[in-house]
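Shown next: work03.txt, containing compact mmCIF, C-alpha atoms (C1' of nucleotides) and all ligand atoms.
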```
# COMPACT_ATOMS: atom_id res chain seq x y z
CA MET A 1 0.00 0.00 0.00
CA ASN A 2 1.49 3.29 -1.02
CA HIS A 3 -0.85 6.23 -1.51
CA TYR A 4 -4.07 7.33 -3.30
CA ASP A 5 -6.31 4.28 -3.60
CA MET A 6 -3.75 1.90 -5.01
CA GLY A 7 -4.97 -1.64 -4.62
CA ASN A 8 -8.32 -0.48 -5.85
CA TRP A 9 -7.16 0.29 -9.37
CA VAL A 10 -4.82 -2.71 -9.34
CA SER A 11 -7.68 -5.16 -9.11
CA ARG A 12 -9.92 -3.06 -11.31
CA MET A 13 -7.25 -3.24 -13.97
CA ARG A 14 -6.80 -6.97 -13.69
CA ASP A 15 -10.55 -7.62 -13.67
CA GLN A 16 -10.80 -6.01 -17.07
CA GLY A 17 -8.12 -8.24 -18.47
CA PHE A 18 -5.34 -5.66 -18.33
CA ARG A 19 -2.03 -6.25 -16.64
CA VAL A 20 -0.39 -4.44 -13.78
CA THR A 21 3.15 -3.73 -14.88
CA PRO A 22 5.98 -1.90 -13.14
CA GLN A 23 5.91 0.67 -15.97
CA ARG A 24 2.28 1.52 -15.26
CA GLN A 25 2.94 1.85 -11.57
CA LEU A 26 5.99 4.04 -12.16
CA ILE A 27 4.10 6.31 -14.53
CA LEU A 28 1.14 6.65 -12.21
CA ASP A 29 3.54 7.39 -9.36
CA ALA A 30 5.31 10.02 -11.44
CA ILE A 31 2.07 11.81 -12.25
CA TYR A 32 1.05 11.64 -8.63
CA GLU A 33 4.38 12.94 -7.34
CA SER A 34 4.40 15.82 -9.80
CA GLY A 35 1.59 17.30 -7.76
CA GLY A 36 -0.27 19.19 -10.44
CA HIS A 37 -0.44 19.17 -14.20
CA THR A 38 2.43 17.41 -15.89
CA THR A 39 3.51 16.65 -19.46
CA PRO A 40 4.59 13.34 -21.01
CA GLU A 41 8.12 14.70 -21.18
CA GLU A 42 8.17 15.47 -17.46
CA ILE A 43 6.69 12.09 -16.65
CA TYR A 44 9.37 10.50 -18.77
CA GLU A 45 12.19 12.27 -16.94
CA ARG A 46 10.77 11.36 -13.58
CA VAL A 47 10.30 7.71 -14.53
CA HIS A 48 13.63 7.59 -16.30
CA ALA A 49 15.43 8.58 -13.11
CA LYS A 50 14.17 5.46 -11.38
CA ALA A 51 14.01 3.10 -14.35
CA PRO A 52 16.20 4.18 -17.29
CA ALA A 53 15.02 1.31 -19.46
CA VAL A 54 11.47 2.62 -19.78
CA ASN A 55 10.86 3.96 -23.26
CA LEU A 56 9.23 7.27 -24.13
CA ALA A 57 6.75 5.49 -26.37
CA THR A 58 5.56 3.60 -23.34
CA ILE A 59 4.85 6.88 -21.58
CA TYR A 60 2.62 8.05 -24.44
CA ARG A 61 0.83 4.73 -24.69
CA THR A 62 0.37 4.45 -20.95
CA VAL A 63 -1.02 7.92 -20.28
CA ASP A 64 -3.55 7.18 -22.99
CA PHE A 65 -4.37 3.88 -21.37
CA LEU A 66 -4.67 5.42 -17.90
CA ARG A 67 -6.89 8.15 -19.29
CA GLU A 68 -9.26 5.63 -20.82
CA LEU A 69 -9.39 3.90 -17.46
CA ARG A 70 -10.19 7.31 -15.97
CA LEU A 71 -7.33 7.05 -13.48
CA ILE A 72 -5.91 10.29 -14.83
CA THR A 73 -7.38 13.25 -16.69
CA GLU A 74 -6.04 14.91 -19.80
CA MET A 75 -6.11 18.65 -20.45
CA SER A 76 -4.95 20.69 -23.40
CA ILE A 77 -3.74 24.22 -22.64
CA SER A 78 -2.48 26.32 -25.54
CA GLY A 79 -1.52 23.29 -27.57
CA LYS A 80 0.32 21.41 -24.85
CA THR A 81 -1.19 18.33 -23.24
CA TYR A 82 -1.14 17.88 -19.48
CA TYR A 83 -2.08 14.98 -17.24
CA GLU A 84 -3.18 14.81 -13.65
CA ILE A 85 -4.38 12.19 -11.17
CA ALA A 86 -8.15 11.99 -11.34
CA GLY A 87 -9.23 12.71 -7.78
CA ASP A 88 -12.63 11.66 -6.51
CA ALA A 89 -13.91 15.23 -6.93
CA PRO A 90 -13.44 16.60 -10.46
CA HIS A 91 -12.21 20.16 -10.80
CA HIS A 92 -11.72 22.63 -13.63
CA HIS A 93 -9.58 25.62 -14.51
CA LEU A 94 -9.65 29.20 -15.70
CA VAL A 95 -6.67 29.93 -17.93
CA CYS A 96 -5.66 33.55 -18.53
CA ARG A 97 -4.57 34.07 -22.12
CA CYS A 98 -2.60 37.19 -21.15
CA CYS A 99 -0.45 36.16 -18.21
CA GLY A 100 -0.90 32.42 -18.45
CA HIS A 101 -2.09 32.21 -14.86
CA ILE A 102 -4.25 29.17 -14.09
CA GLU A 103 -6.78 29.13 -11.31
CA GLN A 104 -8.91 26.26 -10.16
CA ILE A 105 -12.68 26.10 -9.85
CA ASP A 106 -14.58 23.21 -8.45
CA HIS A 107 -17.04 20.94 -10.12
CA ALA A 108 -20.04 22.51 -8.41
CA THR A 109 -19.49 25.65 -10.46
CA VAL A 110 -20.03 23.92 -13.77
CA VAL A 111 -22.20 20.95 -12.87
CA GLY A 112 -25.34 23.05 -13.22
CA LEU A 113 -24.66 23.50 -16.91
CA PHE A 114 -24.00 19.79 -17.30
CA THR A 115 -27.26 18.69 -15.70
CA ARG A 116 -29.19 21.22 -17.72
CA ILE A 117 -27.69 19.85 -20.94
CA GLU A 118 -28.53 16.36 -19.76
CA GLN A 119 -32.16 17.31 -19.14
CA GLU A 120 -32.63 19.29 -22.33
CA GLN A 121 -30.57 17.24 -24.79
CA GLN A 122 -30.42 13.84 -23.09
CA PHE A 123 -26.64 14.09 -23.49
CA LYS A 124 -24.69 12.93 -20.43
CA VAL A 125 -21.70 15.26 -20.12
CA GLU A 126 -18.75 13.52 -18.48
CA THR A 127 -16.01 16.09 -18.96
CA ASP A 128 -14.09 16.05 -15.71
CA HIS A 129 -11.39 18.61 -16.42
CA LEU A 130 -12.42 21.67 -18.31
CA ALA A 131 -10.12 24.56 -19.24
CA LEU A 132 -11.89 27.84 -19.85
CA VAL A 133 -9.72 30.46 -21.52
CA GLY A 134 -10.16 34.16 -20.88
CA VAL A 135 -8.72 37.13 -19.04
CA CYS A 136 -8.03 37.08 -15.32
CA ARG A 137 -8.98 39.81 -12.89
CA HIS A 138 -5.46 41.20 -12.71
CA CYS A 139 -4.98 41.46 -16.47
CA ARG A 140 -8.41 43.06 -16.93
CA GLU A 141 -7.54 45.90 -14.58
CA GLN A 142 -4.23 46.48 -16.31
CA ALA A 143 -5.73 46.52 -19.79
CA THR A 144 -8.50 48.98 -18.97
CA PRO A 145 -7.00 52.45 -18.38
CA THR A 146 -10.28 54.37 -18.15
CA ALA A 147 -12.39 53.87 -21.23
CA SER A 148 -15.25 51.52 -22.17
CA MET B 1 -15.54 40.63 -52.57
CA ASN B 2 -15.94 36.95 -52.11
CA HIS B 3 -17.82 35.67 -49.08
CA TYR B 4 -18.00 35.95 -45.27
CA ASP B 5 -16.92 39.45 -44.28
CA MET B 6 -13.75 39.59 -46.33
CA GLY B 7 -12.63 43.17 -46.68
CA ASN B 8 -13.29 43.63 -43.03
CA TRP B 9 -10.53 41.36 -41.87
CA VAL B 10 -8.25 42.56 -44.66
CA SER B 11 -8.10 46.07 -43.28
CA ARG B 12 -8.15 44.86 -39.71
CA MET B 13 -5.09 42.81 -40.49
CA ARG B 14 -3.25 45.67 -42.13
CA ASP B 15 -4.14 48.11 -39.38
CA GLN B 16 -2.37 45.90 -36.89
CA GLY B 17 0.78 45.87 -38.99
CA PHE B 18 0.24 42.41 -40.45
CA ARG B 19 0.26 41.70 -44.16
CA VAL B 20 -2.41 40.29 -46.39
CA THR B 21 -0.77 37.53 -48.39
CA PRO B 22 -2.19 35.11 -50.96
CA GLN B 23 -1.29 32.24 -48.62
CA ARG B 24 -3.44 33.66 -45.86
CA GLN B 25 -6.34 34.19 -48.22
CA LEU B 26 -6.02 30.67 -49.62
CA ILE B 27 -5.91 29.12 -46.18
CA LEU B 28 -8.88 31.12 -44.94
CA ASP B 29 -10.76 30.14 -48.10
CA ALA B 30 -9.87 26.49 -47.58
CA ILE B 31 -11.20 26.51 -44.03
CA TYR B 32 -14.32 28.27 -45.18
CA GLU B 33 -14.94 25.90 -48.07
CA SER B 34 -14.46 22.84 -45.89
CA GLY B 35 -17.75 23.73 -44.27
CA GLY B 36 -17.20 22.44 -40.78
CA HIS B 37 -14.25 21.38 -38.69
CA THR B 38 -11.08 20.75 -40.61
CA THR B 39 -7.51 19.70 -39.87
CA PRO B 40 -4.22 21.28 -40.95
CA GLU B 41 -3.66 18.31 -43.24
CA GLU B 42 -7.01 18.80 -44.97
CA ILE B 43 -6.37 22.52 -45.29
CA TYR B 44 -3.01 21.74 -46.81
CA GLU B 45 -4.47 19.41 -49.43
CA ARG B 46 -7.13 21.92 -50.36
CA VAL B 47 -4.63 24.77 -50.64
CA HIS B 48 -2.09 22.59 -52.38
CA ALA B 49 -4.57 21.82 -55.16
CA LYS B 50 -4.74 25.50 -56.06
CA ALA B 51 -1.22 26.56 -55.14
CA PRO B 52 1.26 23.67 -54.98
CA ALA B 53 4.09 25.91 -53.83
CA VAL B 54 2.54 26.63 -50.44
CA ASN B 55 4.40 24.82 -47.73
CA LEU B 56 2.87 22.75 -44.94
CA ALA B 57 4.77 24.76 -42.34
CA THR B 58 2.95 27.82 -43.59
CA ILE B 59 -0.37 26.10 -42.90
CA TYR B 60 0.58 25.47 -39.28
CA ARG B 61 1.92 28.97 -38.78
CA THR B 62 -1.05 30.58 -40.45
CA VAL B 63 -3.82 28.75 -38.59
CA ASP B 64 -2.09 29.82 -35.42
CA PHE B 65 -1.95 33.38 -36.66
CA LEU B 66 -5.59 33.38 -37.73
CA ARG B 67 -6.60 31.92 -34.40
CA GLU B 68 -4.83 34.70 -32.51
CA LEU B 69 -6.66 37.19 -34.72
CA ARG B 70 -9.85 35.33 -33.78
CA LEU B 71 -10.79 34.83 -37.43
CA ILE B 72 -10.92 31.08 -36.82
CA THR B 73 -11.44 28.92 -33.75
CA GLU B 74 -9.41 25.95 -32.66
CA MET B 75 -10.83 22.82 -31.09
CA SER B 76 -9.19 19.67 -29.82
CA ILE B 77 -11.24 16.48 -30.05
CA SER B 78 -9.63 13.26 -28.85
CA GLY B 79 -6.15 14.52 -29.50
CA LYS B 80 -6.74 15.88 -32.98
CA THR B 81 -6.87 19.61 -33.64
CA TYR B 82 -9.62 21.12 -35.77
CA TYR B 83 -10.21 24.60 -37.13
CA GLU B 84 -13.34 26.42 -38.18
CA ILE B 85 -14.33 29.89 -39.36
CA ALA B 86 -15.30 31.98 -36.34
CA GLY B 87 -18.83 33.07 -37.14
CA ASP B 88 -20.38 36.08 -35.47
CA ALA B 89 -22.28 33.82 -33.08
CA PRO B 90 -20.02 31.41 -31.18
CA HIS B 91 -21.22 27.84 -30.83
CA HIS B 92 -20.11 24.74 -28.98
CA HIS B 93 -20.29 20.97 -29.26
CA LEU B 94 -21.24 17.80 -27.46
CA VAL B 95 -18.89 14.98 -28.43
CA CYS B 96 -19.98 11.39 -27.80
CA ARG B 97 -17.07 9.29 -26.60
CA CYS B 98 -18.81 6.09 -27.70
CA CYS B 99 -19.94 6.70 -31.27
CA GLY B 100 -17.94 9.84 -31.93
CA HIS B 101 -21.05 11.74 -32.96
CA ILE B 102 -20.76 15.51 -32.61
CA GLU B 103 -23.77 17.73 -32.06
CA GLN B 104 -23.85 21.47 -31.87
CA ILE B 105 -25.21 23.66 -29.10
CA ASP B 106 -25.43 27.40 -29.24
CA HIS B 107 -23.70 29.96 -27.13
CA ALA B 108 -26.82 30.81 -25.16
CA THR B 109 -26.68 27.38 -23.52
CA VAL B 110 -23.31 28.00 -21.91
CA VAL B 111 -23.17 31.78 -21.59
CA GLY B 112 -24.98 31.64 -18.26
CA LEU B 113 -22.07 29.78 -16.73
CA PHE B 114 -19.62 32.27 -18.20
CA THR B 115 -21.35 35.33 -16.80
CA ARG B 116 -21.67 33.70 -13.41
CA ILE B 117 -17.94 32.99 -13.36
CA GLU B 118 -17.32 36.57 -14.39
CA GLN B 119 -19.45 37.90 -11.55
CA GLU B 120 -18.10 35.57 -8.90
CA GLN B 121 -14.44 35.35 -9.88
CA GLN B 122 -13.95 38.51 -11.96
CA PHE B 123 -12.58 36.24 -14.65
CA LYS B 124 -13.79 37.08 -18.17
CA VAL B 125 -14.29 33.77 -19.97
CA GLU B 126 -13.75 34.12 -23.72
CA THR B 127 -13.84 30.50 -24.83
CA ASP B 128 -15.78 30.55 -28.08
CA HIS B 129 -15.68 26.89 -29.02
CA LEU B 130 -16.12 24.39 -26.25
CA ALA B 131 -16.16 20.63 -26.69
CA LEU B 132 -17.95 18.76 -23.95
CA VAL B 133 -17.30 15.02 -23.97
CA GLY B 134 -19.88 12.52 -22.81
CA VAL B 135 -22.42 9.98 -23.97
CA CYS B 136 -25.12 10.84 -26.47
CA ARG B 137 -28.77 9.92 -26.14
CA HIS B 138 -28.51 7.03 -28.57
CA CYS B 139 -25.52 5.40 -26.92
CA ARG B 140 -27.07 5.77 -23.47
CA GLU B 141 -30.13 3.80 -24.48
CA GLN B 142 -28.02 1.08 -26.03
CA ALA B 143 -25.77 0.72 -23.00
CA THR B 144 -28.60 0.42 -20.48
CA PRO B 145 -30.32 -2.98 -20.91
CA THR B 146 -32.63 -2.75 -17.89
CA ALA B 147 -30.71 -2.07 -14.72
CA SER B 148 -29.80 1.14 -12.84
C1' DA C 1 6.58 53.28 -60.71
C1' DT C 2 10.48 52.64 -57.48
C1' DC C 3 12.59 52.00 -52.99
C1' DG C 4 13.29 50.39 -48.34
C1' DC C 5 11.80 48.38 -44.28
C1' DT C 6 10.44 44.39 -42.14
C1' DG C 7 6.74 40.87 -41.83
C1' DT C 8 6.25 36.23 -44.23
C1' DT C 9 7.39 32.25 -46.65
C1' DG C 10 9.85 28.07 -48.32
C1' DC C 11 13.10 24.96 -47.20
C1' DG C 12 15.74 21.82 -44.63
C1' DA C 13 16.54 20.17 -40.14
C1' DA C 14 14.94 19.16 -35.51
C1' DA C 15 11.70 17.83 -32.24
C1' DA C 16 7.49 15.60 -30.79
C1' DA C 17 4.24 11.97 -31.14
C1' DT C 18 2.69 7.63 -33.28
C1' DT C 19 3.06 2.89 -35.07
C1' DG C 20 4.54 -2.05 -36.51
C1' DC C 21 6.63 -5.81 -34.84
C1' DA C 22 9.41 -9.23 -32.47
C1' DA C 23 10.81 -10.12 -27.76
C1' DT C 24 9.26 -9.99 -23.09
C1' DA C 25 6.66 -10.88 -19.07
C1' DA C 26 2.01 -10.82 -16.39
C1' DC C 27 -0.94 -14.00 -14.53
C1' DG C 28 -4.48 -17.72 -14.60
C1' DA C 29 -4.58 -22.70 -14.91
C1' DG C 30 -2.84 -27.02 -13.59
C1' DC D 1 6.32 -23.82 -9.10
C1' DT D 2 5.92 -24.37 -14.18
C1' DC D 3 3.66 -23.60 -18.44
C1' DG D 4 1.04 -21.31 -22.10
C1' DT D 5 -1.52 -17.58 -23.62
C1' DT D 6 -1.49 -13.05 -24.98
C1' DA D 7 -1.21 -8.18 -23.21
C1' DT D 8 2.63 -5.12 -23.02
C1' DT D 9 7.15 -3.25 -23.89
C1' DG D 10 11.45 -1.68 -26.26
C1' DC D 11 13.19 -0.43 -30.42
C1' DA D 12 13.43 1.50 -34.84
C1' DA D 13 11.03 3.57 -38.41
C1' DT D 14 7.21 6.90 -39.62
C1' DT D 15 4.48 10.51 -39.26
C1' DT D 16 3.30 14.93 -37.42
C1' DT D 17 4.49 19.46 -35.82
C1' DT D 18 7.82 23.00 -34.89
C1' DC D 19 11.94 25.96 -35.74
C1' DG D 20 15.95 28.75 -37.66
C1' DC D 21 17.20 31.30 -41.28
C1' DA D 22 18.00 33.30 -45.80
C1' DA D 23 15.19 34.71 -49.71
C1' DC D 24 11.03 36.89 -50.82
C1' DA D 25 7.29 40.12 -51.02
C1' DG D 26 3.60 43.39 -48.96
C1' DC D 27 2.84 48.02 -48.56
C1' DG D 28 3.71 52.80 -47.04
C1' DA D 29 6.49 56.58 -48.47
C1' DT D 30 8.55 59.15 -52.11
MN MN E 1 -6.39 20.30 -12.86
MN MN E 2 -17.81 24.03 -34.33
ZN ZN E 3 -3.86 37.25 -16.46
ZN ZN E 4 -22.99 8.16 -29.16
```

Is it possible to express this structure as structure tokens?
Ligand SMILES: [Mn+2]
Ligand SMILES: [Mn+2]
Ligand SMILES: [Zn+2]
Ligand SMILES: [Zn+2]
Amino acid sequence: MNHYDMGNWVSRMRDQGFRVTPQRQLILDAIYESGGHTTPEEIYERVHAKAPAVNLATIYRTVDFLRELRLITEMSISGKTYYEIAGDAPHHHLVCRCCGHIEQIDHATVVGLFTRIEQEQQFKVETDHLALVGVCRHCREQATPTAS
Amino acid sequence: MNHYDMGNWVSRMRDQGFRVTPQRQLILDAIYESGGHTTPEEIYERVHAKAPAVNLATIYRTVDFLRELRLITEMSISGKTYYEIAGDAPHHHLVCRCCGHIEQIDHATVVGLFTRIEQEQQFKVETDHLALVGVCRHCREQATPTAS
DNA sequence: ATCGCTGTTGCGAAAAATTGCAATAACGAG
DNA sequence: CTCGTTATTGCAATTTTTCGCAACAGCGAT
């Protein structure tokens, strides 16, 4: 037993016919230890430090695999792709296109929209990591001298 | 005069110190003619048919440029990047992760969330092309035999 | 119409991400 | 524990996307 709910996903993985490999554990660990949003390249470096034999292609394949299993979430910010451990409570982000600052908002803020779409369109929204781009409070003040 | 509001963006481009080149017109045309969401590769083929000399690198650079000018919108669906002419009214999409079907929803559906975030967090959301992933009506019926 | 400044492009090279395939190893059965 | 099946990995080759830079060309000024 290490951290998060390891042991849970181990059996869940095996039950579905997938295999629990040291590579998958290392990669999941690396994402977890990175704390926040991390890139395949960062994951690779972290894993490579412990296990130099692990190939970069395995990183790409595995993050995709872990995402499909919903153990991690994927987010694309200005072209780059980031991964993060999927906690029990989903969260989302506001990304400032001026200063690049990223702030977090919780699921409750957006879930109203999701349920309304589900009621009106019978479409079950499952997005668990949204990135809304815009202008943050600080940059708005700066950009507005007096006018408008 | 051709279509959309050409002539408007031409001067807007020049006013900002950018140049109106045949490549940029061809690429904008290609995206427009594609109708819906299109990829850099598709844009390239379309442009290449008319002007074989245009380089693929120019496609990538130009879609980025046009996106910054907000003449087109960028959307990432399951890893792939798509572009589309930015109409006067923004719209968004519901993407089914089972069948891949994409349906459109209009800005009014989501704008409530945006204004609420603006009021509560002073963050001005400008996202004009959201892709919400989930399960469409059809796939939900199929996947639910009787239970739950 | 010509000139000069500098934003853009084409081109080749580099970097990032994906894929096919043979070798490896997880893990259920005996 | 040993074996056999087959999911997974490492590796090399491909494909996709980005980058540096010299040549080119848009466009304002003359
Ligand atoms: Mn996050
Ligand atoms: Mn669209
Ligand atoms: Zn900002
Ligand atoms: Zn569907």

Practice task
Would you mind listing what lies within 8 Å of stretch 58-63 of chain A as a PyMOL selection string, with only C-alpha atoms (C1' of nucleotides) counted and same-chain residues fewer than 2 positions away left out?
Solution key: (chain A and resi 23-24+27+40+43-44+54-56+65-67+72+83) or (chain C and resi 17) or (chain D and resi 9)

Do you have, as a tab-separated table, the list of residues of chain C lying at most 10 Å from chain A, each with its nearest atom pair and that distance in Å to one decimal, counting all atoms listed in the file and ordered by chain then number?
```
residue	atom	partner	partner_atom	distance
C:DA16	C1'	A:Glu41	CA	9.7
C:DA17	C1'	A:Tyr60	CA	7.9
C:DT18	C1'	A:Ala57	CA	8.3
C:DT19	C1'	A:Ala57	CA	9.8
C:DA25	C1'	A:Thr21	CA	9.0
C:DA26	C1'	A:Arg19	CA	6.1
C:DC27	C1'	A:Arg19	CA	8.1
```

Handout entry: ligand ZN 4 (chain E) neighbours within 10 Å using only C-alpha atoms (C1' of nucleotides) and all ligand atoms, as a list in words
Key =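 Final answer, ordered by chain and number: Phe123 of chain A; Leu94, Val95, Cys96, Arg97, Cys98, Cys99, Gly100, His101, Ile102, Gly134, Val135, Cys136, Arg137, His138, Cys139, Arg140, Glu141 and Gln142 of chain B.
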
Same residues, C-alpha atoms, saved as a PDB file, in the frame of the given file:
```
ATOM      1  CA  PHE A 123     -26.640  14.090 -23.490  1.00  0.00           C
TER       2      PHE A 123
ATOM      3  CA  LEU B  94     -21.240  17.800 -27.460  1.00  0.00           C
ATOM      4  CA  VAL B  95     -18.890  14.980 -28.430  1.00  0.00           C
ATOM      5  CA  CYS B  96     -19.980  11.390 -27.800  1.00  0.00           C
ATOM      6  CA  ARG B  97     -17.070   9.290 -26.600  1.00  0.00           C
ATOM      7  CA  CYS B  98     -18.810   6.090 -27.700  1.00  0.00           C
ATOM      8  CA  CYS B  99     -19.940   6.700 -31.270  1.00  0.00           C
ATOM      9  CA  GLY B 100     -17.940   9.840 -31.930  1.00  0.00           C
ATOM     10  CA  HIS B 101     -21.050  11.740 -32.960  1.00  0.00           C
ATOM     11  CA  ILE B 102     -20.760  15.510 -32.610  1.00  0.00           C
ATOM     12  CA  GLY B 134     -19.880  12.520 -22.810  1.00  0.00           C
ATOM     13  CA  VAL B 135     -22.420   9.980 -23.970  1.00  0.00           C
ATOM     14  CA  CYS B 136     -25.120  10.840 -26.470  1.00  0.00           C
ATOM     15  CA  ARG B 137     -28.770   9.920 -26.140  1.00  0.00           C
ATOM     16  CA  HIS B 138     -28.510   7.030 -28.570  1.00  0.00           C
ATOM     17  CA  CYS B 139     -25.520   5.400 -26.920  1.00  0.00           C
ATOM     18  CA  ARG B 140     -27.070   5.770 -23.470  1.00  0.00           C
ATOM     19  CA  GLU B 141     -30.130   3.800 -24.480  1.00  0.00           C
ATOM     20  CA  GLN B 142     -28.020   1.080 -26.030  1.00  0.00           C
TER      21      GLN B 142
END
```

Return as JSON the box centre and box size in Å, one decimal, for an axis-aligned box around all listed atoms of stretch 15-27 of chain C padded by 6 Å per side.
```
{"center_x": 5.4, "center_y": 1.9, "center_z": -25.5, "size_x": 24.6, "size_y": 43.8, "size_z": 34.0}
```

Set the distance at 12 Å and use only C-alpha atoms (C1' of nucleotides): which residues neighbour D:DC3 once local chain neighbours fewer than 5 positions away are removed? I'd like the list as a PDB file with C-alpha atoms (C1' of nucleotides), keeping the file's coordinate frame.
```
ATOM      1  C1'  DC C  27      -0.940 -14.000 -14.530  1.00  0.00           C
ATOM      2  C1'  DG C  28      -4.480 -17.720 -14.600  1.00  0.00           C
ATOM      3  C1'  DA C  29      -4.580 -22.700 -14.910  1.00  0.00           C
ATOM      4  C1'  DG C  30      -2.840 -27.020 -13.590  1.00  0.00           C
TER       5       DG C  30
END
```

Problem - Residues near B:Thr38, cut-off 8 Å, all atoms listed in the file, skip fewer than 3 positions along chain, as a PyMOL selection string - result: chain B and resi 31+34+42-43+82-84

Based on the selection just made, write C-alpha atoms of those residues as a compact mmCIF listing (two decimals), in the frame of the given file.
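And here is the file that came out, out.txt:
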```txt
# COMPACT_ATOMS: atom_id res chain seq x y z
CA ILE B 31 -11.20 26.51 -44.03
CA SER B 34 -14.46 22.84 -45.89
CA GLU B 42 -7.01 18.80 -44.97
CA ILE B 43 -6.37 22.52 -45.29
CA TYR B 82 -9.62 21.12 -35.77
CA TYR B 83 -10.21 24.60 -37.13
CA GLU B 84 -13.34 26.42 -38.18
```

Practice task
Pick out the residues no farther than 8 Å from ligand MN 1 (chain E), counting all atoms listed in the file, and list them as a list in words.
Solution key: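 What falls inside 8 Å of ligand MN 1 (chain E) is Gly36, His37, Met75, Glu84, His91, His92, His93, Gln104 and His129 of chain A.
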
Problem - Among the residues D:DT8, D:DT2, D:DT30, D:DT16, the one that comes closest to chain A [using all atoms listed in the file] - result: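 Using all atoms listed in the file, the shortest distance to chain A belongs to D:DT8.
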
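Residue nearest ligand MN 2 (chain E) within the list B:Asp29, B:Glu45, B:Asp106, B:Asp64: B:Asp106 [criterion: smallest interatomic distance, all atoms listed in the file].
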
Exercise for the section: Could you please determine the separation between atom CA of A:Val110 and atom CA of A:Lys80 in Å, to one decimal place? Expected result: 23.3 Å

Practice task
Could you check how far atom CA of A:Leu132 sits from atom CA of B:Glu118, in Å to one decimal?
Solution key: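 Computed distance, atom CA of A:Leu132 to atom CA of B:Glu118, equals 11.6 Å.
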
Exercise for the section: Please provide the set of residues having any atom within 12 Å of C:DA13, restricted to all atoms listed in the file, with same-chain residues fewer than 6 positions apart removed, written as a ChimeraX atom specification. Expected result: /D:18-21
